[in-house]
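work_23.cif follows (mmCIF, C-alpha atoms):
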data_entry
#
loop_
_atom_site.group_PDB
_atom_site.id
_atom_site.type_symbol
_atom_site.label_atom_id
_atom_site.label_comp_id
_atom_site.auth_asym_id
_atom_site.auth_seq_id
_atom_site.Cartn_x
_atom_site.Cartn_y
_atom_site.Cartn_z
ATOM 1 C CA MET T 1061 -11.434 -43.255 40.363
ATOM 2 C CA GLY T 1062 -7.784 -44.287 40.295
ATOM 3 C CA LEU T 1063 -8.441 -47.982 40.846
ATOM 4 C CA GLY T 1064 -11.242 -48.109 38.288
ATOM 5 C CA PHE T 1065 -9.071 -46.369 35.735
ATOM 6 C CA MET T 1066 -6.225 -48.818 36.339
ATOM 7 C CA ILE T 1067 -8.591 -51.748 35.897
ATOM 8 C CA GLY T 1068 -9.815 -50.208 32.642
ATOM 9 C CA VAL T 1069 -6.265 -49.793 31.363
ATOM 10 C CA PHE T 1070 -5.522 -53.372 32.406
ATOM 11 C CA GLY T 1071 -8.593 -54.599 30.531
ATOM 12 C CA VAL T 1072 -7.486 -52.776 27.389
ATOM 13 C CA LEU T 1073 -4.019 -54.282 27.732
ATOM 14 C CA ILE T 1074 -5.495 -57.776 28.045
ATOM 15 C CA LEU T 1075 -7.568 -57.177 24.919
ATOM 16 C CA SER T 1076 -4.554 -56.027 22.929
ATOM 17 C CA HIS T 1077 -2.607 -59.059 24.097
ATOM 18 C CA ALA T 1078 -5.500 -61.250 22.937
ATOM 19 C CA ALA T 1079 -5.437 -59.470 19.569
ATOM 20 C CA TYR T 1080 -1.724 -60.104 19.232
ATOM 21 C CA SER T 1081 -2.168 -63.777 20.113
ATOM 22 C CA THR T 1082 -4.872 -64.086 17.484
ATOM 23 C CA ILE T 1083 -2.628 -62.493 14.857
ATOM 24 C CA GLN T 1084 0.075 -65.019 15.666
ATOM 25 C CA TYR T 1085 -2.456 -67.847 15.583
ATOM 26 C CA ARG T 1086 -3.590 -66.777 12.134
ATOM 27 C CA GLY T 1087 0.023 -66.704 10.977
ATOM 28 C CA LEU T 1088 0.401 -70.234 12.233
ATOM 29 C CA LEU T 1089 -2.783 -71.302 10.428
ATOM 30 C CA LYS T 1090 -1.491 -69.765 7.222
ATOM 31 C CA ILE T 1091 1.636 -71.865 7.497
ATOM 32 C CA MET T 1092 -0.392 -75.005 8.130
ATOM 33 C CA GLU T 1093 -2.913 -73.928 5.450
ATOM 34 C CA GLU T 1094 -6.010 -74.370 7.547
ATOM 35 C CA GLU T 1095 -9.126 -72.261 7.816
ATOM 36 C CA PHE T 1096 -9.697 -69.830 10.652
ATOM 37 C CA SER T 1097 -12.753 -70.985 12.520
ATOM 38 C CA GLY T 1098 -12.306 -69.179 15.784
ATOM 39 C CA PRO T 1099 -9.618 -68.013 18.149
ATOM 40 C CA PRO T 1100 -8.027 -70.665 20.388
ATOM 41 C CA MET T 1101 -9.527 -71.373 23.783
ATOM 42 C CA ASN T 1102 -6.989 -69.419 25.806
ATOM 43 C CA VAL T 1103 -7.614 -66.353 23.675
ATOM 44 C CA VAL T 1104 -11.364 -66.736 24.271
ATOM 45 C CA LEU T 1105 -10.753 -66.845 28.004
ATOM 46 C CA GLU T 1106 -8.506 -63.815 27.752
ATOM 47 C CA LEU T 1107 -11.196 -61.939 25.828
ATOM 48 C CA LEU T 1108 -13.788 -62.771 28.471
ATOM 49 C CA LEU T 1109 -11.453 -61.615 31.217
ATOM 50 C CA GLY T 1110 -10.691 -58.354 29.412
ATOM 51 C CA PHE T 1111 -14.409 -57.888 28.780
ATOM 52 C CA PHE T 1112 -15.230 -58.179 32.481
ATOM 53 C CA PHE T 1113 -12.477 -55.778 33.456
ATOM 54 C CA CYS T 1114 -13.738 -53.278 30.902
ATOM 55 C CA ILE T 1115 -17.332 -53.652 32.117
ATOM 56 C CA TRP T 1116 -16.206 -52.996 35.651
ATOM 57 C CA ALA T 1117 -14.253 -49.918 34.587
ATOM 58 C CA ALA T 1118 -17.130 -48.644 32.410
ATOM 59 C CA LEU T 1119 -19.511 -48.792 35.342
ATOM 60 C CA THR T 1120 -17.286 -47.276 38.001
ATOM 61 C CA VAL T 1121 -15.072 -44.693 36.293
ATOM 62 C CA PRO T 1122 -17.583 -42.197 34.794
ATOM 63 C CA GLY T 1123 -18.986 -41.198 38.188
ATOM 64 C CA ASN T 1124 -21.853 -41.842 40.531
ATOM 65 C CA PHE T 1125 -25.531 -41.411 39.971
ATOM 66 C CA LEU T 1126 -27.012 -38.446 41.808
ATOM 67 C CA SER T 1127 -30.491 -38.591 43.196
ATOM 68 C CA ILE T 1128 -33.030 -36.421 41.436
ATOM 69 C CA HIS T 1129 -35.581 -36.195 44.215
ATOM 70 C CA PRO T 1130 -35.563 -32.714 45.756
ATOM 71 C CA GLU T 1131 -36.246 -34.107 49.182
ATOM 72 C CA SER T 1132 -33.525 -36.749 49.312
ATOM 73 C CA GLU T 1133 -30.694 -36.489 51.777
ATOM 74 C CA GLU T 1134 -27.967 -35.059 49.604
ATOM 75 C CA ASN T 1135 -30.156 -32.463 47.889
ATOM 76 C CA ARG T 1136 -31.063 -30.493 50.985
ATOM 77 C CA ILE T 1137 -29.415 -27.205 50.094
ATOM 78 C CA VAL T 1138 -31.442 -24.991 47.797
ATOM 79 C CA SER T 1139 -29.989 -21.783 46.506
ATOM 80 C CA LEU T 1140 -31.308 -19.263 44.063
ATOM 81 C CA SER T 1141 -29.151 -18.174 41.205
ATOM 82 C CA ALA T 1142 -27.731 -14.658 41.274
ATOM 83 C CA ASN T 1143 -30.644 -13.038 39.536
ATOM 84 C CA LEU T 1144 -31.243 -9.303 39.349
ATOM 85 C CA ASP T 1145 -34.917 -9.791 40.118
ATOM 86 C CA PHE T 1146 -34.050 -10.923 43.606
ATOM 87 C CA MET T 1147 -31.501 -8.295 44.491
ATOM 88 C CA ILE T 1148 -33.022 -5.596 46.626
ATOM 89 C CA PHE T 1149 -31.354 -2.383 47.577
ATOM 90 C CA ASN T 1150 -34.159 -0.837 49.604
ATOM 91 C CA HIS T 1151 -33.168 -2.497 52.889
ATOM 92 C CA ARG T 1152 -32.341 -1.455 56.437
ATOM 93 C CA ALA T 1153 -28.817 -0.275 55.813
ATOM 94 C CA LYS T 1154 -30.115 3.176 54.965
ATOM 95 C CA VAL T 1155 -30.509 3.927 58.692
ATOM 96 C CA PHE T 1156 -26.789 3.610 59.247
ATOM 97 C CA PRO T 1157 -25.265 7.050 59.906
ATOM 98 C CA LEU T 1158 -23.540 8.539 56.928
ATOM 99 C CA GLU T 1159 -19.819 8.444 57.058
ATOM 100 C CA ILE T 1160 -18.892 12.037 56.254
ATOM 101 C CA ASP T 1161 -15.243 11.350 56.225
ATOM 102 C CA MET T 1162 -15.208 9.118 53.234
ATOM 103 C CA LYS T 1163 -11.889 9.262 51.554
ATOM 104 C CA LEU T 1164 -9.952 6.758 49.609
ATOM 105 C CA LYS T 1165 -7.809 4.950 52.140
ATOM 106 C CA HIS T 1166 -4.440 3.794 50.948
ATOM 107 C CA MET E 1314 -30.678 -15.069 52.239
ATOM 108 C CA ALA E 1315 -30.218 -16.197 48.671
ATOM 109 C CA GLY E 1316 -26.701 -17.387 48.112
ATOM 110 C CA HIS E 1317 -24.817 -17.272 44.891
ATOM 111 C CA SER E 1318 -25.302 -20.314 42.742
ATOM 112 C CA ASP E 1319 -22.410 -22.659 43.058
ATOM 113 C CA SER E 1320 -21.741 -25.855 41.250
ATOM 114 C CA SER E 1321 -23.694 -27.914 43.738
ATOM 115 C CA SER E 1322 -26.957 -26.011 43.432
ATOM 116 C CA SER E 1323 -29.802 -27.991 42.060
ATOM 117 C CA GLU E 1324 -32.098 -26.289 39.613
ATOM 118 C CA LYS E 1325 -35.667 -27.184 40.092
ATOM 119 C CA LYS E 1326 -38.009 -27.931 37.312
ATOM 120 C CA SER E 1327 -41.302 -27.403 39.052
ATOM 121 C CA GLY E 1328 -44.777 -28.201 37.918
ATOM 122 C CA GLU E 1329 -48.114 -26.707 38.718
ATOM 123 C CA ALA E 1330 -50.509 -28.165 41.184
ATOM 124 C CA MET E 1331 -53.149 -28.631 38.497
ATOM 125 C CA THR E 1332 -51.217 -30.965 36.213
ATOM 126 C CA ASP E 1333 -49.239 -32.560 39.079
ATOM 127 C CA VAL E 1334 -45.910 -32.898 37.272
ATOM 128 C CA PRO E 1335 -43.383 -34.357 39.701
ATOM 129 C CA THR E 1336 -40.446 -32.086 40.425
ATOM 130 C CA PHE E 1337 -36.920 -33.263 39.986
ATOM 131 C CA SER E 1338 -33.490 -31.772 39.845
ATOM 132 C CA ALA E 1339 -32.638 -31.313 36.184
ATOM 133 C CA GLU E 1340 -28.943 -30.815 36.795
ATOM 134 C CA ASN E 1341 -28.588 -34.158 38.547
ATOM 135 C CA LEU E 1342 -30.566 -35.840 35.792
ATOM 136 C CA GLN E 1343 -28.167 -34.382 33.252
ATOM 137 C CA ASN E 1344 -25.227 -35.679 35.259
ATOM 138 C CA ASN E 1345 -26.767 -39.146 35.296
ATOM 139 C CA MET E 1346 -27.357 -39.049 31.535
ATOM 140 C CA LYS E 1347 -23.713 -38.091 31.027
ATOM 141 C CA VAL E 1348 -22.584 -41.065 33.125
ATOM 142 C CA ILE E 1349 -24.761 -43.405 31.046
ATOM 143 C CA TYR E 1350 -23.416 -41.940 27.823
ATOM 144 C CA TYR E 1351 -19.790 -42.420 28.822
ATOM 145 C CA SER E 1352 -20.415 -45.959 30.026
ATOM 146 C CA ARG E 1353 -22.237 -46.964 26.864
ATOM 147 C CA THR E 1354 -19.644 -45.429 24.563
ATOM 148 C CA PHE E 1355 -16.795 -47.223 26.291
ATOM 149 C CA MET E 1356 -18.668 -50.526 26.241
ATOM 150 C CA SER E 1357 -19.489 -50.092 22.533
ATOM 151 C CA ILE E 1358 -15.816 -49.589 21.756
ATOM 152 C CA THR E 1359 -14.812 -52.591 23.858
ATOM 153 C CA GLY E 1360 -17.520 -54.744 22.272
ATOM 154 C CA GLY E 1361 -16.364 -53.668 18.824
ATOM 155 C CA VAL E 1362 -12.777 -54.682 19.511
ATOM 156 C CA ILE E 1363 -13.892 -58.049 20.882
ATOM 157 C CA ALA E 1364 -16.172 -58.696 17.896
ATOM 158 C CA GLY E 1365 -13.290 -57.897 15.560
ATOM 159 C CA ILE E 1366 -10.899 -60.213 17.361
ATOM 160 C CA PHE E 1367 -13.431 -63.041 17.373
ATOM 161 C CA GLY E 1368 -13.898 -62.659 13.627
ATOM 162 C CA PHE E 1369 -17.647 -62.068 13.542
ATOM 163 C CA THR E 1370 -18.919 -61.045 10.149
ATOM 164 C CA GLY E 1371 -22.354 -59.882 9.131
ATOM 165 C CA PHE E 1372 -25.428 -60.333 11.232
ATOM 166 C CA VAL E 1373 -23.744 -62.126 14.120
ATOM 167 C CA GLY E 1374 -21.780 -58.990 14.928
ATOM 168 C CA PHE E 1375 -24.923 -56.922 15.370
ATOM 169 C CA ILE E 1376 -26.427 -59.625 17.566
ATOM 170 C CA PHE E 1377 -23.249 -59.406 19.633
ATOM 171 C CA TYR E 1378 -23.646 -55.633 19.862
ATOM 172 C CA PHE E 1379 -27.160 -55.891 21.253
ATOM 173 C CA LEU E 1380 -25.973 -58.539 23.669
ATOM 174 C CA VAL E 1381 -23.225 -56.213 24.929
ATOM 175 C CA MET E 1382 -25.725 -53.371 25.241
ATOM 176 C CA THR E 1383 -28.104 -55.563 27.222
ATOM 177 C CA ILE E 1384 -25.304 -56.483 29.599
ATOM 178 C CA THR E 1385 -24.407 -52.804 29.916
ATOM 179 C CA SER E 1386 -28.018 -51.893 30.666
ATOM 180 C CA ILE E 1387 -28.208 -54.544 33.352
ATOM 181 C CA GLY E 1388 -24.952 -53.246 34.794
ATOM 182 C CA LEU E 1389 -26.272 -49.665 34.818
ATOM 183 C CA ILE E 1390 -29.510 -50.710 36.483
ATOM 184 C CA ALA E 1391 -27.466 -52.568 39.101
ATOM 185 C CA LYS E 1392 -25.373 -49.429 39.583
ATOM 186 C CA ALA E 1393 -28.578 -47.495 40.231
ATOM 187 C CA LYS E 1394 -29.301 -50.092 42.940
ATOM 188 C CA PHE E 1395 -32.437 -51.182 41.072
ATOM 189 C CA SER E 1396 -34.391 -48.087 42.137
ATOM 190 C CA VAL E 1397 -34.352 -46.432 38.752
ATOM 191 C CA HIS E 1398 -36.968 -43.812 39.655
ATOM 192 C CA SER E 1399 -34.764 -42.091 42.180
ATOM 193 C CA TYR E 1400 -32.156 -41.355 39.513
ATOM 194 C CA PHE E 1401 -34.140 -41.044 36.287
ATOM 195 C CA ASP E 1402 -37.567 -39.977 35.289
ATOM 196 C CA SER E 1403 -38.381 -42.855 33.011
ATOM 197 C CA TRP E 1404 -37.177 -46.358 32.161
ATOM 198 C CA ASN E 1405 -36.476 -45.410 28.567
ATOM 199 C CA ARG E 1406 -33.542 -43.280 29.529
ATOM 200 C CA ILE E 1407 -31.528 -45.978 31.171
ATOM 201 C CA ILE E 1408 -32.374 -48.613 28.562
ATOM 202 C CA LEU E 1409 -32.512 -46.866 25.217
ATOM 203 C CA ASP E 1410 -30.378 -43.766 25.506
ATOM 204 C CA GLY E 1411 -27.133 -43.843 23.533
ATOM 205 C CA LEU E 1412 -27.990 -47.060 21.717
ATOM 206 C CA MET E 1413 -27.745 -45.737 18.165
ATOM 207 C CA GLY E 1414 -24.704 -43.588 18.799
ATOM 208 C CA GLY E 1415 -22.998 -46.555 20.383
ATOM 209 C CA LEU E 1416 -23.819 -48.614 17.298
ATOM 210 C CA MET E 1417 -21.698 -46.285 15.166
ATOM 211 C CA SER E 1418 -18.724 -46.565 17.521
ATOM 212 C CA PHE E 1419 -19.186 -50.343 17.663
ATOM 213 C CA VAL E 1420 -19.093 -50.761 13.881
ATOM 214 C CA LEU E 1421 -16.077 -48.476 13.611
ATOM 215 C CA PHE E 1422 -13.990 -50.406 16.111
ATOM 216 C CA TRP E 1423 -15.322 -53.727 14.880
ATOM 217 C CA THR E 1424 -14.052 -53.112 11.345
ATOM 218 C CA PHE E 1425 -10.864 -51.614 12.715
ATOM 219 C CA ALA E 1426 -10.021 -54.624 14.906
ATOM 220 C CA TYR E 1427 -11.104 -57.079 12.212
ATOM 221 C CA ASP E 1428 -8.798 -55.452 9.717
ATOM 222 C CA ILE E 1429 -5.849 -55.431 12.069
ATOM 223 C CA VAL E 1430 -6.260 -59.004 13.257
ATOM 224 C CA HIS E 1431 -7.541 -60.850 10.227
ATOM 225 C CA ILE E 1432 -6.484 -58.983 7.141
ATOM 226 C CA PHE E 1433 -3.104 -57.439 7.707
#
So, in terms of structure tokens, how does the structure I just supplied come out?
Amino acid sequence: MGLGFMIGVFGVLILSHAAYSTIQYRGLLKIMEEEFSGPPMNVVLELLLGFFFCIWAALTVPGNFLSIHPESEENRIVSLSANLDFMIFNHRAKVFPLEIDMKLKH
Amino acid sequence: MAGHSDSSSSEKKSGEAMTDVPTFSAENLQNNMKVIYYSRTFMSITGGVIAGIFGFTGFVGFIFYFLVMTITSIGLIAKAKFSVHSYFDSWNRIILDGLMGGLMSFVLFWTFAYDIVHIF
């Protein structure tokens, strides 16, 4: 979780650096009065790198897939929810002797 | 005896023997759908920023969005170790879910990044 998050932050930082480089490149093109046809090659590489880091973070950070089969290894424990229908009070404890001396104990 | 339900209990959705609906744990399926949703949203935002920086306008941007979503789907299927049926009940969930919602986020961040980089 920590490593994936760091890689995601790193990917976002790389993308913002690529955006800043492109802004500067456009400023340069405005000075030289040329048309913008595409970002320079190093910015393209930077975008690809940031994209792969973000893909990696997007696949690892949100969490793992859990198996949905009821008989798979990690789903072995089955428990019923606390439901009034399943609570019985007519059980064997009624044969315990009554405690006559029932007082509030401090 | 029946324990209290804790966060790791799996609720069964059971079927009858007549119609033979396969049983699966709905809570785990919901967790998996949440993971897909987060992944797709983050990838839509990232794809939008990249499309804006590149300077795509018009139709090419939407082509780029579907390309990013295809890559994300392949990544999710690889994360599920290619046995999709042990984590989801149908192929449509892992391929199509979150596509339209992601499109909105993509267009938002696409216009946002395009404005910042190319207009101001």
**Report entry** Within 12 Å of Met1413 (chain E) using all atoms listed in the file, minus same-chain residues under 2 positions, as a ChimeraX atom specification
**Finding:** /E:1350,1353-1354,1357,1375,1378-1379,1382,1408-1411,1415-1420
Query raised in the report: Counting only C-alpha atoms, which residues of chain T come no farther than 10 Å from chain E, as a ChimeraX atom specification?
Result: /T:1068,1071-1072,1075-1076,1078-1087,1096-1100,1103-1104,1107-1108,1110-1111,1114-1132,1135-1143,1146-1147
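CA of Phe1422 (chain E) lies 22.8 Å from CA of Met1101 (chain T).
Picture a line from CA of Thr1370 (chain E) to CA of Phe1425 (chain E); it runs 12.7 Å.
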Requested in this report: Tell me, in Å to one decimal, how far CA of Phe1113 (chain T) is from CA of Ile1067 (chain T).
Outcome: 6.1 Å
